[in-house]
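Visitor: File target.cif below, mmCIF, C-alpha atoms and all ligand atoms:
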```
data_data
#
loop_
_atom_site.label_atom_id
_atom_site.label_comp_id
_atom_site.auth_asym_id
_atom_site.auth_seq_id
_atom_site.Cartn_x
_atom_site.Cartn_y
_atom_site.Cartn_z
CA MET A 1026 -0.46 6.93 -21.33
CA ARG A 1027 3.13 7.28 -22.50
CA ILE A 1028 5.41 4.34 -21.78
CA THR A 1029 8.32 6.65 -20.95
CA ASP A 1030 6.19 8.42 -18.30
CA MET A 1031 5.61 5.10 -16.55
CA ILE A 1032 9.32 4.31 -16.64
CA THR A 1033 10.30 7.68 -15.20
CA ARG A 1034 7.63 7.50 -12.48
CA LYS A 1035 8.95 4.14 -11.31
CA ARG A 1036 12.52 5.41 -11.66
CA ASP A 1037 11.59 8.26 -9.30
CA GLY A 1038 10.16 5.86 -6.74
CA GLN A 1039 6.44 6.26 -7.36
CA ALA A 1040 3.93 3.42 -7.42
CA LEU A 1041 2.39 2.44 -10.75
CA THR A 1042 -1.38 2.17 -11.09
CA ASP A 1043 -3.13 -1.15 -11.81
CA LYS A 1044 -3.92 0.07 -15.33
CA GLU A 1045 -0.30 1.01 -16.01
CA ILE A 1046 0.97 -2.39 -14.89
CA ARG A 1047 -1.64 -4.16 -17.01
CA ASN A 1048 -0.75 -2.07 -20.08
CA PHE A 1049 2.92 -2.81 -19.63
CA ILE A 1050 2.48 -6.58 -19.30
CA ASP A 1051 -0.09 -6.86 -22.10
CA GLY A 1052 2.02 -4.66 -24.39
CA TYR A 1053 5.22 -6.55 -23.68
CA THR A 1054 3.62 -9.99 -24.11
CA SER A 1055 1.98 -8.99 -27.41
CA GLY A 1056 5.18 -7.35 -28.70
CA THR A 1057 4.07 -3.70 -28.85
CA ILE A 1058 6.44 -2.70 -26.03
CA PRO A 1059 10.07 -3.37 -27.02
CA ASP A 1060 12.74 -5.09 -24.92
CA TYR A 1061 14.64 -1.83 -24.31
CA GLN A 1062 11.69 -0.17 -22.61
CA MET A 1063 10.84 -3.25 -20.58
CA SER A 1064 14.51 -3.54 -19.56
CA ALA A 1065 14.43 0.04 -18.28
CA LEU A 1066 11.27 -0.62 -16.28
CA LEU A 1067 12.72 -3.84 -14.82
CA MET A 1068 15.84 -1.98 -13.70
CA ALA A 1069 13.69 0.75 -12.13
CA ILE A 1070 11.71 -1.94 -10.27
CA TYR A 1071 14.99 -3.61 -9.25
CA PHE A 1072 16.17 -0.39 -7.55
CA ARG A 1073 12.84 1.08 -6.38
CA GLY A 1074 10.91 -2.11 -5.54
CA MET A 1075 7.14 -2.44 -5.67
CA THR A 1076 4.41 -2.13 -3.07
CA GLU A 1077 2.49 -5.24 -2.02
CA ALA A 1078 -0.47 -4.05 -4.10
CA GLU A 1079 1.67 -3.42 -7.20
CA THR A 1080 3.29 -6.86 -6.88
CA ALA A 1081 -0.12 -8.53 -6.59
CA VAL A 1082 -1.38 -6.80 -9.76
CA LEU A 1083 1.82 -7.64 -11.66
CA THR A 1084 1.45 -11.30 -10.65
CA ASP A 1085 -2.20 -11.41 -11.62
CA CYS A 1086 -1.48 -9.94 -15.08
CA MET A 1087 1.34 -12.41 -15.67
CA ALA A 1088 -0.80 -15.35 -14.53
CA HIS A 1089 -3.63 -14.30 -16.87
CA SER A 1090 -1.30 -13.77 -19.86
CA GLY A 1091 -2.03 -17.39 -20.90
CA GLU A 1092 -4.03 -20.47 -19.99
CA MET A 1093 -5.46 -20.73 -16.43
CA LEU A 1094 -5.86 -24.38 -15.44
CA ASP A 1095 -9.21 -25.21 -13.87
CA LEU A 1096 -8.82 -27.69 -10.99
CA SER A 1097 -12.22 -26.92 -9.45
CA ARG A 1098 -13.28 -30.56 -9.95
CA PHE A 1099 -10.93 -31.45 -7.05
CA GLY A 1100 -12.65 -29.01 -4.70
CA ASP A 1101 -10.49 -28.13 -1.70
CA LEU A 1102 -8.02 -30.96 -2.29
CA SER A 1103 -5.91 -29.60 -5.18
CA ALA A 1104 -2.43 -28.96 -3.81
CA ASP A 1105 0.80 -27.85 -5.45
CA LYS A 1106 4.35 -27.37 -4.21
CA HIS A 1107 7.17 -25.28 -5.57
CA SER A 1108 10.80 -24.97 -4.62
CA THR A 1109 12.75 -21.77 -5.24
CA GLY A 1110 15.58 -24.02 -6.40
CA GLY A 1111 18.40 -26.12 -5.10
CA VAL A 1112 20.97 -28.82 -5.70
CA GLY A 1113 19.96 -32.47 -5.27
CA ASP A 1114 16.38 -31.31 -4.73
CA LYS A 1115 14.27 -34.35 -5.57
CA THR A 1116 11.50 -33.71 -3.04
CA THR A 1117 8.69 -33.47 -5.64
CA PHE A 1118 8.96 -37.22 -6.36
CA ILE A 1119 8.50 -38.01 -2.66
CA VAL A 1120 6.20 -35.18 -1.60
CA ALA A 1121 3.59 -35.59 -4.35
CA PRO A 1122 3.00 -39.36 -3.75
CA LEU A 1123 2.96 -38.77 0.03
CA ALA A 1124 0.46 -35.93 -0.36
CA ALA A 1125 -1.66 -38.18 -2.59
CA CYS A 1126 -1.70 -40.82 0.17
CA LEU A 1127 -2.96 -38.08 2.50
CA GLY A 1128 -5.84 -37.21 0.17
CA CYS A 1129 -4.35 -34.35 -1.89
CA LYS A 1130 -4.68 -34.04 -5.67
CA THR A 1131 -1.45 -32.79 -7.24
CA ALA A 1132 -1.60 -31.75 -10.91
CA LYS A 1133 1.95 -30.51 -11.27
CA MET A 1134 3.57 -28.67 -14.14
CA SER A 1135 7.35 -28.47 -13.85
CA GLY A 1136 10.32 -27.07 -15.70
CA ARG A 1137 13.77 -28.05 -16.90
CA GLY A 1138 17.04 -27.23 -15.20
CA LEU A 1139 19.30 -24.39 -16.20
CA GLY A 1140 22.65 -23.58 -14.62
CA HIS A 1141 23.53 -25.15 -11.30
CA THR A 1142 20.02 -26.31 -10.31
CA GLY A 1143 18.48 -29.48 -11.74
CA GLY A 1144 15.06 -29.67 -13.37
CA THR A 1145 12.17 -31.95 -12.37
CA ILE A 1146 11.35 -32.78 -15.98
CA ASP A 1147 14.97 -33.70 -16.84
CA LYS A 1148 15.01 -36.04 -13.84
CA LEU A 1149 11.77 -37.74 -14.88
CA GLU A 1150 13.07 -38.17 -18.43
CA SER A 1151 15.85 -40.39 -17.07
CA ILE A 1152 13.14 -43.04 -16.47
CA PRO A 1153 12.80 -44.98 -19.75
CA GLY A 1154 9.39 -44.44 -21.38
CA TYR A 1155 8.17 -41.64 -19.06
CA ARG A 1156 5.94 -39.20 -20.94
CA THR A 1157 6.33 -35.60 -19.78
CA SER A 1158 3.59 -34.39 -22.08
CA LEU A 1159 -0.03 -35.52 -21.61
CA GLY A 1160 -3.26 -34.09 -23.03
CA GLY A 1161 -5.39 -32.13 -20.56
CA ALA A 1162 -8.01 -34.88 -20.16
CA GLU A 1163 -5.45 -37.62 -19.51
CA PHE A 1164 -3.50 -35.37 -17.10
CA LEU A 1165 -6.55 -34.59 -14.96
CA SER A 1166 -7.97 -38.11 -15.09
CA GLN A 1167 -4.64 -39.48 -13.77
CA VAL A 1168 -4.74 -36.95 -10.92
CA GLU A 1169 -8.31 -38.07 -10.16
CA ARG A 1170 -7.33 -41.77 -10.12
CA ILE A 1171 -3.85 -41.76 -8.56
CA GLY A 1172 -3.70 -38.37 -6.88
CA VAL A 1173 -0.64 -37.16 -8.81
CA SER A 1174 0.66 -36.40 -12.29
CA VAL A 1175 3.75 -34.40 -13.25
CA ILE A 1176 4.15 -32.97 -16.76
CA GLY A 1177 6.29 -30.29 -18.42
CA ALA A 1178 4.85 -26.78 -18.26
CA ASN A 1179 3.59 -25.87 -21.73
CA ALA A 1180 4.22 -22.58 -23.52
CA ASP A 1181 0.67 -21.39 -22.76
CA LEU A 1182 1.23 -21.26 -19.00
CA ALA A 1183 2.09 -17.68 -17.94
CA PRO A 1184 3.79 -16.75 -21.27
CA ALA A 1185 4.50 -13.23 -19.92
CA ASP A 1186 6.79 -14.78 -17.32
CA LYS A 1187 8.69 -16.77 -19.94
CA LYS A 1188 9.43 -13.60 -21.90
CA LEU A 1189 10.19 -11.50 -18.83
CA TYR A 1190 12.39 -14.14 -17.21
CA ALA A 1191 14.52 -14.42 -20.36
CA LEU A 1192 14.94 -10.63 -20.39
CA ARG A 1193 15.76 -10.46 -16.65
CA ASP A 1194 18.38 -13.14 -17.16
CA VAL A 1195 20.34 -10.89 -19.55
CA THR A 1196 19.72 -7.50 -17.92
CA GLY A 1197 20.93 -8.15 -14.35
CA THR A 1198 17.41 -7.95 -12.90
CA VAL A 1199 16.80 -11.48 -11.58
CA GLU A 1200 17.56 -10.84 -7.88
CA SER A 1201 14.57 -8.66 -7.04
CA VAL A 1202 11.95 -9.80 -4.52
CA PRO A 1203 8.86 -8.44 -6.36
CA LEU A 1204 10.15 -9.84 -9.68
CA ILE A 1205 11.01 -13.31 -8.29
CA ALA A 1206 7.78 -13.47 -6.26
CA SER A 1207 5.59 -12.47 -9.22
CA SER A 1208 7.45 -14.85 -11.55
CA ILE A 1209 6.96 -17.88 -9.29
CA MET A 1210 3.46 -17.05 -8.10
CA SER A 1211 2.12 -16.24 -11.60
CA LYS A 1212 2.96 -19.81 -12.63
CA LYS A 1213 1.45 -21.26 -9.44
CA LEU A 1214 -1.77 -19.26 -9.85
CA ALA A 1215 -2.09 -20.26 -13.50
CA ALA A 1216 -1.54 -23.91 -12.56
CA GLY A 1217 -4.77 -23.71 -10.60
CA ALA A 1218 -4.23 -25.32 -7.17
CA LYS A 1219 -6.27 -24.07 -4.21
CA ASN A 1220 -3.44 -24.99 -1.80
CA ILE A 1221 0.19 -24.06 -2.41
CA VAL A 1222 3.23 -25.01 -0.36
CA LEU A 1223 6.40 -23.06 -1.16
CA ASP A 1224 9.79 -24.52 -0.34
CA VAL A 1225 11.95 -21.41 0.01
CA THR A 1226 15.55 -22.57 0.10
CA VAL A 1227 18.31 -20.79 2.03
CA GLY A 1228 22.10 -21.06 1.72
CA SER A 1229 24.96 -21.49 -0.70
CA GLY A 1230 22.90 -23.47 -3.28
CA ALA A 1231 19.85 -21.18 -3.13
CA PHE A 1232 18.82 -17.83 -4.64
CA MET A 1233 18.48 -16.47 -1.13
CA LYS A 1234 21.78 -16.84 0.71
CA THR A 1235 20.48 -15.59 4.07
CA LYS A 1236 17.45 -16.50 6.17
CA GLU A 1237 16.47 -12.80 6.40
CA ASN A 1238 16.21 -12.45 2.59
CA ALA A 1239 14.43 -15.81 2.28
CA GLU A 1240 11.84 -14.63 4.81
CA ILE A 1241 11.21 -11.45 2.82
CA LEU A 1242 10.70 -13.47 -0.38
CA ALA A 1243 8.53 -16.06 1.39
CA ARG A 1244 6.32 -13.37 2.94
CA ALA A 1245 5.89 -11.64 -0.44
CA MET A 1246 4.82 -14.91 -2.13
CA VAL A 1247 2.48 -15.92 0.69
CA ASP A 1248 0.82 -12.48 0.56
CA ILE A 1249 0.32 -12.65 -3.21
CA GLY A 1250 -1.24 -16.12 -3.02
CA THR A 1251 -3.51 -15.10 -0.14
CA ARG A 1252 -4.67 -11.94 -1.94
CA CYS A 1253 -5.53 -14.15 -4.92
CA GLY A 1254 -7.67 -16.50 -2.82
CA ARG A 1255 -5.23 -19.37 -2.33
CA ARG A 1256 -4.17 -21.05 0.90
CA VAL A 1257 -0.39 -20.75 1.06
CA THR A 1258 2.35 -21.86 3.44
CA ALA A 1259 6.04 -21.21 2.87
CA VAL A 1260 8.62 -23.48 4.49
CA LEU A 1261 12.21 -22.20 4.73
CA THR A 1262 14.61 -25.11 4.19
CA ASP A 1263 18.36 -25.42 4.33
CA MET A 1264 20.18 -25.53 0.99
CA ASP A 1265 23.67 -24.73 2.25
CA GLN A 1266 24.78 -28.17 1.06
CA PRO A 1267 23.08 -30.47 -1.47
CA LEU A 1268 19.89 -32.21 -0.32
CA GLY A 1269 20.36 -35.96 0.13
CA ARG A 1270 23.38 -37.79 -1.24
CA CYS A 1271 22.85 -37.78 -5.02
CA ILE A 1272 23.01 -35.00 -7.60
CA GLY A 1273 22.21 -35.83 -11.23
CA ASN A 1274 19.11 -36.99 -13.04
CA ALA A 1275 18.95 -40.82 -12.90
CA LEU A 1276 20.97 -40.86 -9.65
CA GLU A 1277 18.38 -38.67 -7.93
CA ILE A 1278 15.47 -40.84 -9.08
CA GLU A 1279 17.34 -43.92 -7.83
CA GLU A 1280 17.80 -42.22 -4.45
CA VAL A 1281 14.08 -41.46 -4.35
CA ILE A 1282 13.20 -45.09 -5.07
CA ALA A 1283 15.50 -46.35 -2.29
CA PHE A 1284 14.06 -43.78 0.13
CA LEU A 1285 10.45 -44.60 -0.71
CA ARG A 1286 11.24 -48.27 -0.15
CA GLY A 1287 12.27 -47.36 3.40
CA ASP A 1288 16.04 -46.83 3.17
CA ASP A 1289 16.74 -43.40 4.68
CA ARG A 1290 20.33 -44.02 5.77
CA GLY A 1291 22.22 -40.72 5.55
CA LEU A 1292 19.07 -38.99 4.30
CA ASP A 1293 17.79 -37.19 7.42
CA ASP A 1294 17.56 -33.92 5.49
CA LEU A 1295 15.59 -35.42 2.59
CA ARG A 1296 13.22 -37.23 4.99
CA GLU A 1297 12.51 -34.20 7.16
CA VAL A 1298 12.05 -31.74 4.31
CA SER A 1299 9.85 -34.12 2.27
CA LEU A 1300 7.59 -35.15 5.16
CA THR A 1301 7.23 -31.51 6.28
CA LEU A 1302 6.24 -30.27 2.80
CA ALA A 1303 3.74 -33.13 2.29
CA ALA A 1304 2.30 -32.52 5.76
CA HIS A 1305 1.72 -28.84 4.99
CA MET A 1306 -0.02 -29.70 1.72
CA ALA A 1307 -2.42 -32.02 3.56
CA SER A 1308 -2.81 -29.57 6.42
CA LEU A 1309 -3.96 -26.82 4.03
CA ALA A 1310 -6.13 -29.11 1.89
CA ARG A 1311 -7.88 -30.88 4.76
CA GLY A 1312 -7.75 -28.22 7.45
CA ILE A 1313 -5.90 -30.47 9.90
CA PRO A 1314 -2.95 -29.54 12.13
CA ALA A 1315 0.43 -29.88 10.42
CA ASP A 1316 1.86 -32.13 13.15
CA ALA A 1317 -1.03 -34.61 12.77
CA ALA A 1318 -0.50 -34.55 8.99
CA TYR A 1319 3.25 -35.15 9.54
CA LYS A 1320 2.46 -38.35 11.47
CA GLU A 1321 0.15 -39.51 8.67
CA ALA A 1322 2.90 -38.78 6.13
CA GLU A 1323 5.39 -40.79 8.16
CA THR A 1324 3.00 -43.76 8.25
CA ALA A 1325 2.36 -43.51 4.49
CA TRP A 1326 6.13 -43.57 3.90
CA LYS A 1327 6.97 -46.38 6.35
CA SER A 1328 4.09 -48.61 5.21
CA GLY A 1329 5.23 -48.44 1.58
CA ARG A 1330 1.98 -46.79 0.43
CA ALA A 1331 3.88 -43.75 -0.86
CA TYR A 1332 6.16 -46.07 -2.87
CA GLU A 1333 3.13 -47.85 -4.38
CA THR A 1334 1.66 -44.46 -5.33
CA PHE A 1335 4.98 -43.38 -6.88
CA LEU A 1336 5.09 -46.61 -8.92
CA ALA A 1337 1.48 -46.17 -10.04
CA PHE A 1338 2.10 -42.55 -11.08
CA ILE A 1339 5.30 -43.24 -12.99
CA THR A 1340 3.96 -46.31 -14.82
CA ALA A 1341 0.67 -44.53 -15.65
CA GLN A 1342 2.82 -42.02 -17.56
CA GLY A 1343 4.64 -44.76 -19.46
CA GLY A 1344 7.67 -45.18 -17.14
CA ASP A 1345 9.25 -48.65 -17.23
CA ALA A 1346 8.18 -50.58 -14.09
CA ASP A 1347 11.17 -52.93 -14.35
CA TRP A 1348 13.55 -49.91 -14.24
CA ILE A 1349 11.87 -48.78 -11.01
CA ILE A 1350 11.59 -52.18 -9.33
CA ASN A 1351 14.82 -53.84 -10.38
CA PRO A 1352 18.11 -51.95 -9.79
CA GLY A 1353 19.82 -54.43 -12.16
CA ALA A 1354 17.76 -53.00 -15.05
CA ARG A 1355 19.36 -49.54 -14.68
CA LYS A 1356 22.38 -48.46 -16.73
CA LYS A 1357 25.40 -47.05 -14.94
CA ALA A 1358 27.59 -44.22 -16.23
CA PRO A 1359 30.58 -45.74 -18.07
CA TYR A 1360 33.18 -43.55 -16.30
CA GLU A 1361 33.66 -42.61 -12.70
CA THR A 1362 36.29 -41.21 -10.38
CA VAL A 1363 36.52 -40.92 -6.61
CA ALA A 1364 37.20 -37.49 -5.08
CA VAL A 1365 39.17 -37.75 -1.84
CA ALA A 1366 39.59 -35.56 1.26
CA GLU A 1367 42.54 -33.17 1.02
CA HIS A 1368 42.84 -32.70 4.81
CA THR A 1369 42.19 -34.51 8.05
CA GLY A 1370 39.55 -33.17 10.45
CA TYR A 1371 35.92 -32.21 9.86
CA LEU A 1372 34.37 -31.50 6.50
CA SER A 1373 33.09 -28.09 7.57
CA HIS A 1374 31.33 -26.81 4.43
CA MET A 1375 30.27 -28.09 1.00
CA ASN A 1376 29.28 -25.22 -1.31
CA ALA A 1377 26.06 -26.46 -2.88
CA GLU A 1378 26.18 -24.11 -5.88
CA GLU A 1379 29.71 -25.29 -6.74
CA VAL A 1380 28.65 -28.95 -6.38
CA GLY A 1381 25.70 -28.20 -8.70
CA ILE A 1382 28.08 -26.62 -11.23
CA THR A 1383 30.33 -29.70 -10.99
CA ALA A 1384 27.34 -31.95 -11.77
CA MET A 1385 26.54 -29.72 -14.76
CA MET A 1386 30.17 -29.97 -15.96
CA LEU A 1387 29.85 -33.76 -15.84
CA GLY A 1388 26.85 -33.52 -18.21
CA ALA A 1389 23.95 -33.58 -15.69
CA GLY A 1390 22.83 -30.03 -16.50
CA ARG A 1391 22.87 -27.46 -19.25
CA GLN A 1392 24.61 -24.12 -19.54
CA LYS A 1393 22.51 -23.13 -22.58
CA THR A 1394 18.85 -24.06 -23.11
CA ASP A 1395 19.67 -26.32 -26.11
CA ASP A 1396 22.50 -28.32 -24.42
CA LYS A 1397 21.90 -32.08 -24.28
CA ILE A 1398 21.66 -33.78 -20.87
CA ASP A 1399 23.59 -36.93 -19.89
CA PRO A 1400 21.02 -38.70 -17.66
CA LEU A 1401 23.69 -40.92 -16.08
CA ALA A 1402 26.05 -38.10 -15.07
CA GLY A 1403 26.23 -36.80 -11.54
CA ILE A 1404 27.72 -37.09 -8.07
CA ARG A 1405 27.16 -39.45 -5.14
CA LEU A 1406 28.25 -37.89 -1.85
CA LEU A 1407 29.91 -40.31 0.56
CA LYS A 1408 30.54 -37.57 3.15
CA LYS A 1409 28.63 -34.42 4.04
CA ALA A 1410 29.37 -31.31 6.10
CA GLY A 1411 29.90 -32.23 9.74
CA ASP A 1412 31.48 -35.65 8.98
CA THR A 1413 35.00 -36.47 10.12
CA VAL A 1414 37.53 -37.32 7.40
CA SER A 1415 41.16 -38.38 7.13
CA LYS A 1416 43.30 -37.11 4.26
CA GLY A 1417 42.76 -39.47 1.30
CA ASP A 1418 39.31 -40.74 2.40
CA PRO A 1419 36.77 -41.00 -0.42
CA VAL A 1420 34.33 -38.06 -0.22
CA ALA A 1421 32.30 -38.53 -3.41
CA VAL A 1422 32.03 -40.51 -6.63
CA LEU A 1423 31.72 -38.48 -9.86
CA TYR A 1424 29.95 -40.15 -12.82
CA THR A 1425 29.87 -39.25 -16.52
CA SER A 1426 29.53 -40.68 -20.01
CA ASP A 1427 32.40 -38.51 -21.27
CA LYS A 1428 35.74 -39.40 -19.66
CA ALA A 1429 37.36 -36.12 -20.76
CA LEU A 1430 35.07 -34.19 -18.40
CA LEU A 1431 36.34 -35.88 -15.23
CA PRO A 1432 39.59 -34.02 -14.36
CA ALA A 1433 38.16 -30.47 -14.42
CA ALA A 1434 35.01 -31.61 -12.61
CA GLU A 1435 37.05 -33.29 -9.88
CA ARG A 1436 39.11 -30.12 -9.38
CA ARG A 1437 35.95 -28.00 -9.14
CA PHE A 1438 34.34 -30.43 -6.69
CA SER A 1439 37.39 -30.51 -4.42
CA ALA A 1440 37.54 -26.70 -4.39
CA ALA A 1441 33.92 -26.65 -3.12
CA LEU A 1442 34.93 -28.35 0.14
CA GLU A 1443 36.22 -26.71 3.32
CA TYR A 1444 37.84 -28.44 6.30
CA ALA A 1445 38.24 -27.49 9.97
CA ALA A 1446 39.73 -28.93 13.12
CA GLU A 1447 36.51 -28.21 15.08
CA LYS A 1448 33.11 -29.77 14.42
CA PRO A 1449 30.98 -27.18 12.57
CA ALA A 1450 27.68 -26.04 14.13
CA GLU A 1451 24.81 -28.24 12.97
CA ARG A 1452 22.29 -26.53 10.71
CA ALA A 1453 18.60 -27.33 11.07
CA HIS A 1454 16.89 -28.72 7.95
CA ILE A 1455 13.73 -26.66 8.51
CA LEU A 1456 14.54 -23.00 9.22
CA GLY A 1457 11.06 -21.53 9.54
CA GLU A 1458 7.47 -21.49 8.32
CA ILE A 1459 5.29 -18.61 7.16
CA ALA A 1460 1.56 -19.24 6.84
CA GLY A 1461 -0.97 -17.18 4.92
CA ASP A 1462 -4.25 -16.20 6.49
CA LEU A 1463 -6.96 -16.62 3.89
CA GLN A 1464 -10.32 -15.46 5.17
CA GLU A 1465 -12.77 -17.99 3.74
CA LYS A 1466 -16.51 -17.55 3.68
N1 LIG B 1501 12.29 -19.10 -10.31
C1 LIG B 1501 11.36 -18.54 -11.10
O1 LIG B 1501 10.47 -19.20 -11.63
N2 LIG B 1501 11.43 -17.19 -11.29
C2 LIG B 1501 12.38 -16.41 -10.73
O2 LIG B 1501 12.36 -15.22 -10.92
C3 LIG B 1501 13.34 -17.02 -9.91
C4 LIG B 1501 13.27 -18.39 -9.71
#
```
As structure tokens, what does this structure read like?
Guide:
Amino acid sequence: MRITDMITRKRDGQALTDKEIRNFIDGYTSGTIPDYQMSALLMAIYFRGMTEAETAVLTDCMAHSGEMLDLSRFGDLSADKHSTGGVGDKTTFIVAPLAACLGCKTAKMSGRGLGHTGGTIDKLESIPGYRTSLGGAEFLSQVERIGVSVIGANADLAPADKKLYALRDVTGTVESVPLIASSIMSKKLAAGAKNIVLDVTVGSGAFMKTKENAEILARAMVDIGTRCGRRVTAVLTDMDQPLGRCIGNALEIEEVIAFLRGDDRGLDDLREVSLTLAAHMASLARGIPADAAYKEAETAWKSGRAYETFLAFITAQGGDADWIINPGARKKAPYETVAVAEHTGYLSHMNAEEVGITAMMLGAGRQKTDDKIDPLAGIRLLKKAGDTVSKGDPVAVLYTSDKALLPAAERRFSAALEYAAEKPAERAHILGEIAGDLQEK
């Protein structure tokens, strides 16, 4: 089979066979197919798309390109969640302990942030002592005992995706539904959970800017997971403005701690999204209705059991208990500035991607993979879209360890805000749900 024949067939809109897709992925991962041919195929897929069957085979090959984690010891209770990305998205740290309280076993492998979205592992590393790398036995035994462990994804998990994603990033082929769906689902399948809840974000801080496109991506991922024998639900959530009030690594963990201790002031979005995702994990794992699971999740949060589970999980991985329990033990960024409203009226829109870029400019994220993170940098939002403001009112506090970064960041943040005389329409936090239909024997 000639590689160029496969490229031209896809270019001309034909479907590739299972064997052709497997040859391509195996050849590219092992280095026998060069970047220029893979780039041409990716561009052909970008323009011509893939059938459901082609996408499922592509995902399966990518998942099997490396280690496949075996979570069978947890039976039906293994449950994972994945967000397609956002700004201020700290739901994993709330959802996984809540799901553990509801009986789920979450063995989660997460990544670092790049660009405007933060990374789960960077956030965890802002907790002194936290170990993001555990041996397989310790990882699974913690999940058995506490119900949750979160570590950094190692290089052996879906290595084909790592190579392909890096190539897509530089060839203008990221924004393709079959390529995004196979990239995300290959990692989820390799990570082994029987139950998968996908948080598909929609809006200015998300990959998918419209609900229609988010639904297409969600449906594609749910279908892949179902074809591969997993129970999958996708929840469409609003990411048109940052989630919660804090953006930045330590700031987000501090917000999580306050929330888990019962303080949800100004955090309706974070509460609703987190409880909904945890409820769907338990609903899939235990076969109970999602609304009953939601009530259980609410009780686990309000009673403080989710906080106790969070504390147990973080300290089991070496995180400093005093840092969690005692706000006085946490360092603050040495420099801060207050961004103020430039108009009087309603804050009508806050562009989440621009706010994420501002946090990155302050040191909270990286533009290149080897950039160093400032764990204390970030933004605390004092106002959100829909709030009334008078010119000169404080809207946010910007934090950094490098004073020179403040002026440009403040300008960028202010430019991300829009004002109006009329109250903007309220956006729902949960925009839809798409459930898979796995036929189980
Ligand atoms: N996240 C991924 O893991 N892959 C993509 O292609 C897009 C977002």
Visitor: Go ahead and fit an axis-aligned box to every listed atom of ligand LIG 1501 (chain B) plus 5 Å each side, and pass me the centre and edge lengths in Å, one decimal, as lines of an AutoDock Vina configuration file.
Guide:
```
center_x = 11.9
center_y = -17.2
center_z = -10.7
size_x = 12.9
size_y = 14.0
size_z = 11.9
```
Visitor: List as CSV every residue of chain A that is in contact with ligand LIG 1501 (chain B), defined as an atom at most 7 Å from one of its atoms (using all atoms listed in the file), together with the nearest atom pair and the distance in Å rounded to one decimal, sorted by chain and then rising number.
Guide:
```
residue,atom,partner,partner_atom,distance
A:Thr1109,CA,B:LIG1501,C4,5.6
A:Gly1110,CA,B:LIG1501,C4,6.9
A:Tyr1190,CA,B:LIG1501,O2,6.4
A:Val1199,CA,B:LIG1501,O2,5.8
A:Leu1204,CA,B:LIG1501,O2,5.9
A:Ile1205,CA,B:LIG1501,O2,3.5
A:Ala1206,CA,B:LIG1501,O2,6.8
A:Ser1208,CA,B:LIG1501,N2,4.6
A:Ile1209,CA,B:LIG1501,O1,4.4
```
Visitor: Please provide the set of residues having any atom within 8 Å of stretch 1243-1247 of chain A, restricted to only C-alpha atoms, with same-chain residues fewer than 4 positions apart removed, written as a CSV table (one decimal) with C-alpha atoms, in the frame of the given file.
Guide:
```csv
chain,number,residue,atom,x,y,z
A,1077,GLU,CA,2.5,-5.2,-2.0
A,1202,VAL,CA,12.0,-9.8,-4.5
A,1203,PRO,CA,8.9,-8.4,-6.4
A,1206,ALA,CA,7.8,-13.5,-6.3
A,1207,SER,CA,5.6,-12.5,-9.2
A,1210,MET,CA,3.5,-17.0,-8.1
A,1223,LEU,CA,6.4,-23.1,-1.2
A,1225,VAL,CA,12.0,-21.4,0.0
A,1239,ALA,CA,14.4,-15.8,2.3
A,1251,THR,CA,-3.5,-15.1,-0.1
A,1257,VAL,CA,-0.4,-20.8,1.1
A,1258,THR,CA,2.4,-21.9,3.4
A,1259,ALA,CA,6.0,-21.2,2.9
A,1261,LEU,CA,12.2,-22.2,4.7
A,1459,ILE,CA,5.3,-18.6,7.2
A,1460,ALA,CA,1.6,-19.2,6.8
A,1461,GLY,CA,-1.0,-17.2,4.9
```
Visitor: Between A:Gly1091, A:Pro1059, A:Pro1122, A:Gly1291, which has the minimum distance to A:Met1306 (counting all atoms listed in the file)?
Guide: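 Of A:Gly1091, A:Pro1059, A:Pro1122, A:Gly1291, the one nearest A:Met1306 is A:Pro1122, counting all atoms listed in the file.
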Visitor: Between atom CA of A:Ala1069 and atom CA of A:Arg1036, what is the spacing in Å?
Guide: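 Taking atom CA of A:Arg1036 and atom CA of A:Ala1069, their separation equals 4.8 Å.
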Visitor: I'd like the neighbourhood of A:Gly1388 as a PyMOL selection string, where a residue qualifies if any of its atoms comes within 6 Å (using only C-alpha atoms), though same-chain residues fewer than 4 positions away should be ignored.
Guide: chain A and resi 1398-1399+1402
Visitor: Given only C-alpha atoms as the basis, pick out the residue of A:Arg1436, A:Lys1397, A:Arg1391, A:Arg1270 nearest to A:Ala1410.
Guide: A:Arg1270
Visitor: Distance atom CA of A:Thr1033-atom CA of A:Pro1184, one decimal place?
Guide: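 Computing it gives 26.0 Å between the two atoms.
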Visitor: Could you tell me which of A:Ala1216, A:Leu1067, A:Ala1178, A:Ser1108 comes closest to A:His1089 if we count all atoms listed in the file?
Guide: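 Smallest distance to A:His1089 is found for A:Ala1216.
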Visitor: What separation in Å, quoted to one decimal, exists between atom CA of A:Thr1054 and atom CA of A:Ala1088?
Guide: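 Atom-to-atom, atom CA of A:Thr1054 to atom CA of A:Ala1088, that is 11.8 Å.
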Visitor: Using only C-alpha atoms, pick whichever of A:Ser1308, A:Ser1328, A:Asn1351, A:Asn1274 has the shortest atom-to-atom distance to A:Ile1404.
Guide: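 Among the listed residues, A:Asn1274 lies closest to A:Ile1404.
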Visitor: Excluding stretch 1419-1429 of chain A and its own-chain neighbours fewer than 3 positions away, which residues fall within 7 Å of it when counting all atoms listed in the file? Please give them as a ChimeraX atom specification.
Guide: /A:1358-1366,1387-1388,1401-1408
